[in-house]
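A short write-up of the structure that comes next.
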Amino acid sequence: MRGYIEAHALKTFLKAIKPLTSEVRLRVSPDGVNARAVDPGSVAMVVASIDRDGFESFDLDSDEEIVVGINVDRLLDALKHVRKREVVEVDLSKAEIALKIGALKYTTQTIDPESIRKVPSGIVKADFTTSATLNAKKLKEYVNLMSKISDQITFSSDEDGLYVRAEGSVEKLKVSLNKNDYDLLEFECKSPAESKFSVVYVKDLLKVVSDASDLVTVKIGKNMPLSLKLNLAEDKVIVEYLLAPRIDYDYEEFEEGKEEGERS
């Protein structure tokens, strides 16, 4: 496979995977490239893709899918000083991947894909009752502020809008995004929803957001995973994250049930 792509799009694709893993299976087909990964604790999953239209030029020798393993960190290091709009020539075979920018050519061996953890072929089906689309950079700012207050973040909704809040021992912060405000580009709520998540994870997943034009579609349900679908790098890169919720456990209820069981 040989393709030409803007450095910003390629780096965004790799940065979307980096919070979850350093090694990933890369699938190349006539439709483009995609990668799926799960973090070691199986708390978060990512599906990242670049359509062939996201490339300046895209050429695949055959119609068959190529699957190789790549080291994300190595490729990002090679692209560290490449300017945003520079075009990168990507040459990929089962044995190696080469990145050429002007006079510079970087080559590294690929990884046996069988040595990399397998990931489910699709995003887990979840009963999402609310979907909201907004500016991704705004959401990133809200989450960064909330990470200073608490280690968990709550996403909730009702018929009027989407709410994001964090509560610490002495501080609280809440963002209310009303469906009639310009902040929400699209909004649908079939029924009220609320779920809690690790603010550290959410913050890490949104690190890939960098452009003012980046958009995110947030999907939530009642004690369901959080879905963050991101349109990045001028829609050249599509990323979907799925993050497991934090479930509050009622220890008092457990102790009461335990005592009843002992009495019986």
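Residue numbering restarts at 1 in every chain; chains get A, B, ... in the order shown in the structure tokens, and ligands count up from 1 in that same order.
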
If we count only C-alpha atoms and set the cut-off at 10 Å, which residues sit around Phe155 (chain A), ignoring sequence neighbours fewer than 3 positions away in its own chain? Please answer as a VMD selection string.
chain A and resid 162 to 166 174 to 175 193 to 197 218 to 223 226

Spatial neighbours of region 106-118 of chain A, 7 Å, only C-alpha atoms, chain gap at least 5 places, as a PyMOL selection string
chain A and resi 23-25+67-70+78+94-100

Set the distance at 10 Å and use only C-alpha atoms: which residues neighbour His8 (chain A) once local chain neighbours fewer than 2 positions away are removed? I'd like the list as a ChimeraX atom specification.
/A:5-6,10-13,79,82-88,232-234,236-237

Generate a file of the selected residues that holds C-alpha atoms, formatted as an mmCIF file, in the first residue's frame.
data_model
loop_
_atom_site.group_PDB
_atom_site.id
_atom_site.type_symbol
_atom_site.label_atom_id
_atom_site.label_comp_id
_atom_site.auth_asym_id
_atom_site.auth_seq_id
_atom_site.Cartn_x
_atom_site.Cartn_y
_atom_site.Cartn_z
ATOM 1 C CA ILE A 5 -1.622 12.113 3.561
ATOM 2 C CA GLU A 6 -1.315 15.355 5.521
ATOM 3 C CA LEU A 10 -1.847 10.841 10.282
ATOM 4 C CA LYS A 11 -0.678 12.109 13.668
ATOM 5 C CA THR A 12 -4.276 12.564 14.831
ATOM 6 C CA PHE A 13 -5.062 8.960 13.891
ATOM 7 C CA LEU A 79 6.520 12.534 12.976
ATOM 8 C CA VAL A 82 6.790 17.347 10.890
ATOM 9 C CA ARG A 83 4.638 20.410 10.240
ATOM 10 C CA LYS A 84 0.858 20.120 10.208
ATOM 11 C CA ARG A 85 0.289 20.635 6.479
ATOM 12 C CA GLU A 86 3.295 18.682 5.230
ATOM 13 C CA VAL A 87 2.384 15.658 3.134
ATOM 14 C CA VAL A 88 3.672 12.279 4.280
ATOM 15 C CA LEU A 232 -11.210 15.157 13.609
ATOM 16 C CA ALA A 233 -8.655 16.736 11.280
ATOM 17 C CA GLU A 234 -11.302 18.319 9.038
ATOM 18 C CA LYS A 236 -10.402 13.054 7.661
ATOM 19 C CA VAL A 237 -10.166 11.013 10.879
#

To test your reading of the structure, identify every residue in region 83-244 of chain A that backbone DSSP assigns to strand (DSSP E or B), and report it as a PyMOL selection string.
chain A and resi 87-92+96-101+104-109+111+130-135+152-158+161-167+172-178+184-189+193-198+215-220+226-232+237-243

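One distance worth recording is that between CA of Tyr241 (chain A) and CA of Met1 (chain A), which is 26.9 Å.
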